[in-house]
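Okay, final_23.cif is below, mmCIF, C-alpha atoms:
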data_target
#
loop_
_atom_site.group_PDB
_atom_site.id
_atom_site.type_symbol
_atom_site.label_atom_id
_atom_site.label_comp_id
_atom_site.auth_asym_id
_atom_site.auth_seq_id
_atom_site.Cartn_x
_atom_site.Cartn_y
_atom_site.Cartn_z
ATOM 1 C CA MET L 56 -47.315 99.707 41.408
ATOM 2 C CA PRO L 57 -48.487 99.075 37.840
ATOM 3 C CA SER L 58 -48.245 95.467 36.712
ATOM 4 C CA PHE L 59 -49.391 92.971 34.093
ATOM 5 C CA ASP L 60 -49.069 89.239 33.433
ATOM 6 C CA ILE L 61 -47.455 87.448 30.501
ATOM 7 C CA VAL L 62 -49.171 84.146 29.722
ATOM 8 C CA SER L 63 -49.376 81.634 26.897
ATOM 9 C CA LYS L 64 -52.909 80.264 26.947
ATOM 10 C CA VAL L 65 -55.276 78.955 24.319
ATOM 11 C CA ASP L 66 -59.023 79.292 24.839
ATOM 12 C CA PRO L 67 -60.410 75.736 24.428
ATOM 13 C CA GLN L 68 -63.649 76.999 22.878
ATOM 14 C CA VAL L 69 -61.818 79.057 20.243
ATOM 15 C CA LEU L 70 -59.611 76.048 19.461
ATOM 16 C CA ASP L 71 -62.689 73.818 19.171
ATOM 17 C CA ASN L 72 -64.300 76.338 16.798
ATOM 18 C CA ALA L 73 -61.150 76.446 14.653
ATOM 19 C CA VAL L 74 -61.037 72.630 14.434
ATOM 20 C CA ASN L 75 -64.750 72.472 13.523
ATOM 21 C CA VAL L 76 -64.344 75.117 10.798
ATOM 22 C CA THR L 77 -61.354 73.170 9.448
ATOM 23 C CA LYS L 78 -63.398 69.925 9.382
ATOM 24 C CA LYS L 79 -66.209 71.677 7.537
ATOM 25 C CA GLU L 80 -63.893 73.208 4.934
ATOM 26 C CA ILE L 81 -62.024 69.935 4.318
ATOM 27 C CA THR L 82 -65.273 67.974 3.818
ATOM 28 C CA ASN L 83 -66.436 70.578 1.277
ATOM 29 C CA ARG L 84 -63.213 70.597 -0.745
ATOM 30 C CA PHE L 85 -63.160 68.721 -4.046
ATOM 31 C CA ASP L 86 -59.608 67.401 -3.681
ATOM 32 C CA PHE L 87 -60.605 65.596 -0.455
ATOM 33 C CA LYS L 88 -63.694 63.937 -1.954
ATOM 34 C CA ASP L 89 -63.813 60.169 -1.237
ATOM 35 C CA SER L 90 -60.582 60.217 0.771
ATOM 36 C CA PRO L 91 -60.373 59.176 4.428
ATOM 37 C CA VAL L 92 -59.793 62.281 6.538
ATOM 38 C CA LYS L 93 -59.993 62.489 10.313
ATOM 39 C CA ILE L 94 -59.542 65.645 12.396
ATOM 40 C CA ASP L 95 -60.122 65.185 16.122
ATOM 41 C CA LEU L 96 -59.433 67.437 19.078
ATOM 42 C CA ASN L 97 -58.647 65.839 22.418
ATOM 43 C CA LYS L 98 -59.757 68.662 24.734
ATOM 44 C CA LYS L 99 -58.316 67.066 27.860
ATOM 45 C CA ASP L 100 -54.744 66.698 26.541
ATOM 46 C CA MET L 101 -55.010 69.587 24.017
ATOM 47 C CA ILE L 102 -53.847 67.418 21.110
ATOM 48 C CA ILE L 103 -55.231 67.515 17.566
ATOM 49 C CA ASP L 104 -55.139 64.137 15.781
ATOM 50 C CA LEU L 105 -54.918 64.406 12.001
ATOM 51 C CA GLU L 106 -55.289 61.547 9.548
ATOM 52 C CA ALA L 107 -55.224 61.567 5.733
ATOM 53 C CA GLU L 108 -54.335 59.192 2.916
ATOM 54 C CA SER L 109 -51.060 60.896 1.962
ATOM 55 C CA ASP L 110 -48.414 63.184 3.376
ATOM 56 C CA MET L 111 -49.353 65.908 0.897
ATOM 57 C CA LYS L 112 -52.999 65.917 1.964
ATOM 58 C CA LEU L 113 -51.935 65.995 5.613
ATOM 59 C CA LYS L 114 -49.879 69.119 4.922
ATOM 60 C CA GLN L 115 -52.904 70.713 3.244
ATOM 61 C CA ILE L 116 -55.027 69.953 6.321
ATOM 62 C CA VAL L 117 -52.355 71.546 8.554
ATOM 63 C CA ASP L 118 -52.313 74.652 6.325
ATOM 64 C CA VAL L 119 -56.101 74.958 6.516
ATOM 65 C CA LEU L 120 -56.020 74.401 10.301
ATOM 66 C CA ILE L 121 -53.452 77.153 10.815
ATOM 67 C CA SER L 122 -55.184 79.637 8.516
ATOM 68 C CA ARG L 123 -58.589 79.028 10.123
ATOM 69 C CA SER L 124 -57.070 79.265 13.599
ATOM 70 C CA MET L 125 -55.528 82.611 12.725
ATOM 71 C CA LYS L 126 -58.939 83.870 11.594
ATOM 72 C CA GLN L 127 -60.331 82.737 14.967
ATOM 73 C CA GLY L 128 -57.625 84.765 16.731
ATOM 74 C CA LEU L 129 -55.194 81.987 17.669
ATOM 75 C CA ASP L 130 -51.468 82.462 17.208
ATOM 76 C CA PRO L 131 -49.919 79.864 14.845
ATOM 77 C CA LEU L 132 -47.080 79.428 17.361
ATOM 78 C CA ALA L 133 -49.596 77.762 19.688
ATOM 79 C CA PHE L 134 -49.364 74.617 17.527
ATOM 80 C CA ASP L 135 -46.312 72.408 18.096
ATOM 81 C CA MET L 136 -45.470 71.110 14.619
ATOM 82 C CA SER L 137 -42.282 69.339 15.743
ATOM 83 C CA LYS L 138 -43.805 65.848 15.535
ATOM 84 C CA GLU L 139 -43.427 64.392 12.061
ATOM 85 C CA PRO L 140 -46.288 62.609 10.252
ATOM 86 C CA TYR L 141 -46.007 58.839 10.335
ATOM 87 C CA PRO L 142 -47.588 56.165 8.095
ATOM 88 C CA SER L 143 -50.101 53.867 9.724
ATOM 89 C CA GLY L 144 -51.524 51.271 7.383
ATOM 90 C CA LYS L 145 -53.096 52.976 4.376
ATOM 91 C CA VAL L 146 -53.182 56.399 6.022
ATOM 92 C CA THR L 147 -50.701 58.955 7.336
ATOM 93 C CA ARG L 148 -51.200 60.316 10.837
ATOM 94 C CA GLN L 149 -49.895 63.286 12.770
ATOM 95 C CA GLN L 150 -50.441 64.488 16.303
ATOM 96 C CA VAL L 151 -50.325 68.256 16.800
ATOM 97 C CA PRO L 152 -50.005 69.217 20.474
ATOM 98 C CA VAL L 153 -51.338 72.657 21.400
ATOM 99 C CA ARG L 154 -49.041 74.646 23.675
ATOM 100 C CA ASN L 155 -51.045 75.817 26.656
ATOM 101 C CA GLY L 156 -49.232 77.551 29.497
ATOM 102 C CA LEU L 157 -45.664 78.798 29.804
ATOM 103 C CA LYS L 158 -43.098 76.095 30.452
ATOM 104 C CA GLN L 159 -40.353 76.874 32.941
ATOM 105 C CA GLU L 160 -37.607 77.195 30.301
ATOM 106 C CA ASP L 161 -39.787 79.504 28.150
ATOM 107 C CA ALA L 162 -40.543 81.655 31.199
ATOM 108 C CA LYS L 163 -36.811 81.891 31.918
ATOM 109 C CA LYS L 164 -36.195 82.965 28.287
ATOM 110 C CA VAL L 165 -38.763 85.769 28.571
ATOM 111 C CA THR L 166 -37.421 86.858 31.968
ATOM 112 C CA LYS L 167 -33.851 86.952 30.643
ATOM 113 C CA LEU L 168 -34.993 89.001 27.629
ATOM 114 C CA VAL L 169 -36.686 91.558 29.904
ATOM 115 C CA LYS L 170 -33.729 91.740 32.328
ATOM 116 C CA ASP L 171 -31.214 92.183 29.473
ATOM 117 C CA SER L 172 -33.257 95.048 28.001
ATOM 118 C CA GLY L 173 -32.293 97.339 30.876
ATOM 119 C CA LEU L 174 -35.858 98.481 31.570
ATOM 120 C CA LYS L 175 -36.627 99.339 35.177
ATOM 121 C CA VAL L 176 -39.121 96.550 35.790
ATOM 122 C CA GLN L 177 -39.216 93.443 37.959
ATOM 123 C CA THR L 178 -40.263 90.024 36.696
ATOM 124 C CA GLN L 179 -41.547 87.179 38.787
ATOM 125 C CA ILE L 180 -42.277 83.662 37.487
ATOM 126 C CA MET L 181 -45.509 82.305 38.984
ATOM 127 C CA ASP L 182 -46.296 78.738 37.814
ATOM 128 C CA ASP L 183 -47.306 79.187 34.150
ATOM 129 C CA MET L 184 -47.233 82.995 33.986
ATOM 130 C CA ILE L 185 -44.846 85.885 34.501
ATOM 131 C CA ARG L 186 -45.803 88.963 36.520
ATOM 132 C CA VAL L 187 -44.082 92.164 35.416
ATOM 133 C CA THR L 188 -44.174 95.206 37.726
ATOM 134 C CA GLY L 189 -42.682 98.659 37.313
ATOM 135 C CA LYS L 190 -43.045 102.242 38.471
ATOM 136 C CA LYS L 191 -44.115 103.600 35.078
ATOM 137 C CA ILE L 192 -46.764 102.264 32.729
ATOM 138 C CA ASP L 193 -44.507 103.323 29.829
ATOM 139 C CA ASP L 194 -41.905 100.786 30.981
ATOM 140 C CA LEU L 195 -44.550 98.052 31.050
ATOM 141 C CA GLN L 196 -45.673 98.974 27.540
ATOM 142 C CA ALA L 197 -42.035 98.833 26.420
ATOM 143 C CA VAL L 198 -41.817 95.288 27.839
ATOM 144 C CA ILE L 199 -44.932 94.285 25.874
ATOM 145 C CA LYS L 200 -43.432 95.757 22.690
ATOM 146 C CA LEU L 201 -40.096 94.030 23.384
ATOM 147 C CA CYS L 202 -41.697 90.611 23.956
ATOM 148 C CA SER L 203 -43.977 90.975 20.932
ATOM 149 C CA GLY L 204 -41.059 91.877 18.682
ATOM 150 C CA ALA L 205 -38.735 89.130 19.961
ATOM 151 C CA ASP L 206 -38.706 85.776 18.151
ATOM 152 C CA LEU L 207 -39.171 83.465 21.136
ATOM 153 C CA GLY L 208 -41.090 80.709 19.325
ATOM 154 C CA ILE L 209 -44.040 80.867 21.729
ATOM 155 C CA ALA L 210 -47.414 82.591 21.608
ATOM 156 C CA LEU L 211 -47.651 85.244 24.331
ATOM 157 C CA GLN L 212 -50.663 87.149 25.651
ATOM 158 C CA TYR L 213 -50.619 90.096 28.026
ATOM 159 C CA ILE L 214 -53.385 90.215 30.629
ATOM 160 C CA ASN L 215 -54.361 91.899 33.901
ATOM 161 C CA MET L 216 -52.850 95.325 33.186
ATOM 162 C CA ARG L 217 -53.197 97.265 36.427
ATOM 163 C CA SER L 218 -52.129 100.817 37.118
#
Can you give me the file's structure in the form of structure tokens?
Amino acid sequence: MPSFDIVSKVDPQVLDNAVNVTKKEITNRFDFKDSPVKIDLNKKDMIIDLEAESDMKLKQIVDVLISRSMKQGLDPLAFDMSKEPYPSGKVTRQQVPVRNGLKQEDAKKVTKLVKDSGLKVQTQIMDDMIRVTGKKIDDLQAVIKLCSGADLGIALQYINMRS
């Protein structure tokens, strides 16, 4: 039976490239000249640490990070911007976790969306991915279109399409 997997993964190398391009652009910008800026990626925990002298400059760094990540092929929904910047001495800091892998509640949301659509497919949650199987490839493509069009708040990729 044809099947494919729904995942939410971020390639660490692509993320590292996006962070490095952001660092390079920020150091070359005139409005950041002589201001303390720190952009670090913790590859183990998938957290980006940002540090700037003001809240406004921190927002500019986040904008550059998201735009450069999009050019690298990363979905902006992969960044969890829920944590607010906080002052720390003379600088303002923010931690931006990168969502990697489907959480259980997100997987249940996607599964419920597919089941409610009425398509003749089966979904199965397997750790941090969802396997979708069906008799027709057209049904699987309809599931991909449905999930892409739905506003779930998570970055989804579709891999391992088998017929």
query = Written as a PyMOL selection string, what is the full residue list that the PyMOL selection byres ((chain L and resi 157) around 12) yields on the file shown?
reply = chain L and resi 60-65+133+153-156+158-166+180-185+207-212
Close residues, range 100-108 of chain L itself excluded, 8 Å, only C-alpha atoms, min 6 positions apart in chain, as an mmCIF file with C-alpha atoms, in the coordinates of the input:
data_model
loop_
_atom_site.group_PDB
_atom_site.id
_atom_site.type_symbol
_atom_site.label_atom_id
_atom_site.label_comp_id
_atom_site.auth_asym_id
_atom_site.auth_seq_id
_atom_site.Cartn_x
_atom_site.Cartn_y
_atom_site.Cartn_z
ATOM 1 C CA SER L 90 -60.582 60.217 0.771
ATOM 2 C CA PRO L 91 -60.373 59.176 4.428
ATOM 3 C CA VAL L 92 -59.793 62.281 6.538
ATOM 4 C CA LYS L 93 -59.993 62.489 10.313
ATOM 5 C CA ILE L 94 -59.542 65.645 12.396
ATOM 6 C CA ILE L 116 -55.027 69.953 6.321
ATOM 7 C CA LYS L 145 -53.096 52.976 4.376
ATOM 8 C CA VAL L 146 -53.182 56.399 6.022
ATOM 9 C CA THR L 147 -50.701 58.955 7.336
ATOM 10 C CA ARG L 148 -51.200 60.316 10.837
ATOM 11 C CA GLN L 149 -49.895 63.286 12.770
ATOM 12 C CA GLN L 150 -50.441 64.488 16.303
ATOM 13 C CA VAL L 151 -50.325 68.256 16.800
ATOM 14 C CA PRO L 152 -50.005 69.217 20.474
ATOM 15 C CA VAL L 153 -51.338 72.657 21.400
ATOM 16 C CA ARG L 154 -49.041 74.646 23.675
ATOM 17 C CA ASN L 155 -51.045 75.817 26.656
#
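Once the PyMOL selection byres ((chain L and resi 201) around 12) is applied to the depicted file, the selected set reads Val165, Thr166, Lys167, Leu168, Val169, Lys170, Asp171, Ser172, Gly173, Leu174, Asp194, Leu195, Gln196, Ala197, Val198, Ile199, Lys200, Cys202, Ser203, Gly204, Ala205, Asp206, Leu207 and Leu211 of chain L.
Of the residues under consideration (L:Phe87, L:Tyr141, L:Phe134, L:Phe59), L:Phe59 shows the shortest atom-to-atom contact distance to Tyr213 in chain L when counting all atoms listed in the file.
Between CA of Arg217 in chain L and CA of Lys191 in chain L lies a distance of 11.2 Å.
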query = Within 12 Å of Val119 in chain L, counting all atoms listed in the file, which residues qualify if same-chain residues fewer than 2 places away don't, as a VMD selection string?
reply = chain L and resid 73 to 82 84 94 105 112 to 117 121 to 126 131
Selected residues, C-alpha atoms, written as a PDB file, in the coordinates of the input, please.
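As written to disk, result13.pdb reads:
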ATOM      1  CA  ALA L  73     -61.150  76.446  14.653  1.00  0.00           C
ATOM      2  CA  VAL L  74     -61.037  72.630  14.434  1.00  0.00           C
ATOM      3  CA  ASN L  75     -64.750  72.472  13.523  1.00  0.00           C
ATOM      4  CA  VAL L  76     -64.344  75.117  10.798  1.00  0.00           C
ATOM      5  CA  THR L  77     -61.354  73.170   9.448  1.00  0.00           C
ATOM      6  CA  LYS L  78     -63.398  69.925   9.382  1.00  0.00           C
ATOM      7  CA  LYS L  79     -66.209  71.677   7.537  1.00  0.00           C
ATOM      8  CA  GLU L  80     -63.893  73.208   4.934  1.00  0.00           C
ATOM      9  CA  ILE L  81     -62.024  69.935   4.318  1.00  0.00           C
ATOM     10  CA  THR L  82     -65.273  67.974   3.818  1.00  0.00           C
ATOM     11  CA  ARG L  84     -63.213  70.597  -0.745  1.00  0.00           C
ATOM     12  CA  ILE L  94     -59.542  65.645  12.396  1.00  0.00           C
ATOM     13  CA  LEU L 105     -54.918  64.406  12.001  1.00  0.00           C
ATOM     14  CA  LYS L 112     -52.999  65.917   1.964  1.00  0.00           C
ATOM     15  CA  LEU L 113     -51.935  65.995   5.613  1.00  0.00           C
ATOM     16  CA  LYS L 114     -49.879  69.119   4.922  1.00  0.00           C
ATOM     17  CA  GLN L 115     -52.904  70.713   3.244  1.00  0.00           C
ATOM     18  CA  ILE L 116     -55.027  69.953   6.321  1.00  0.00           C
ATOM     19  CA  VAL L 117     -52.355  71.546   8.554  1.00  0.00           C
ATOM     20  CA  ILE L 121     -53.452  77.153  10.815  1.00  0.00           C
ATOM     21  CA  SER L 122     -55.184  79.637   8.516  1.00  0.00           C
ATOM     22  CA  ARG L 123     -58.589  79.028  10.123  1.00  0.00           C
ATOM     23  CA  SER L 124     -57.070  79.265  13.599  1.00  0.00           C
ATOM     24  CA  MET L 125     -55.528  82.611  12.725  1.00  0.00           C
ATOM     25  CA  LYS L 126     -58.939  83.870  11.594  1.00  0.00           C
ATOM     26  CA  PRO L 131     -49.919  79.864  14.845  1.00  0.00           C
TER      27      PRO L 131
END
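Across the model, the gap from CA of Gln68 in chain L to CA of Asn97 in chain L is 12.2 Å.
Computed from the coordinates, the CA of Pro57 in chain L to CA of Leu132 in chain L distance equals 28.4 Å.
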query = In terms of the shortest atom-to-atom distance over only C-alpha atoms, which of L:Asp71, L:Glu139, L:Asp86, L:Asp130 is closest to Lys99 in chain L?
reply = L:Asp71
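Distance check against Ile192 in chain L using all atoms listed in the file: of L:Ser58, L:Ser143, L:Ser137, L:Gln127, the minimum falls on L:Ser58.
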Quick one: what's the axis-aligned box for range 196-210 of chain L, all listed atoms, 4 Å on every side, centre and edges in Å to one decimal, as AutoDock Vina command-line options?
--center_x -43.1 --center_y 89.8 --center_z 23.0 --size_x 16.7 --size_y 26.3 --size_z 17.7
task = Taking the point (-37.7, 94.4, 40.8) as given in the file, collect each protein or nucleic acid residue that comes within 8 Å of it, counting all atoms listed in the file, and present the set as a PyMOL selection string.
result = chain L and resi 175-178+188-189
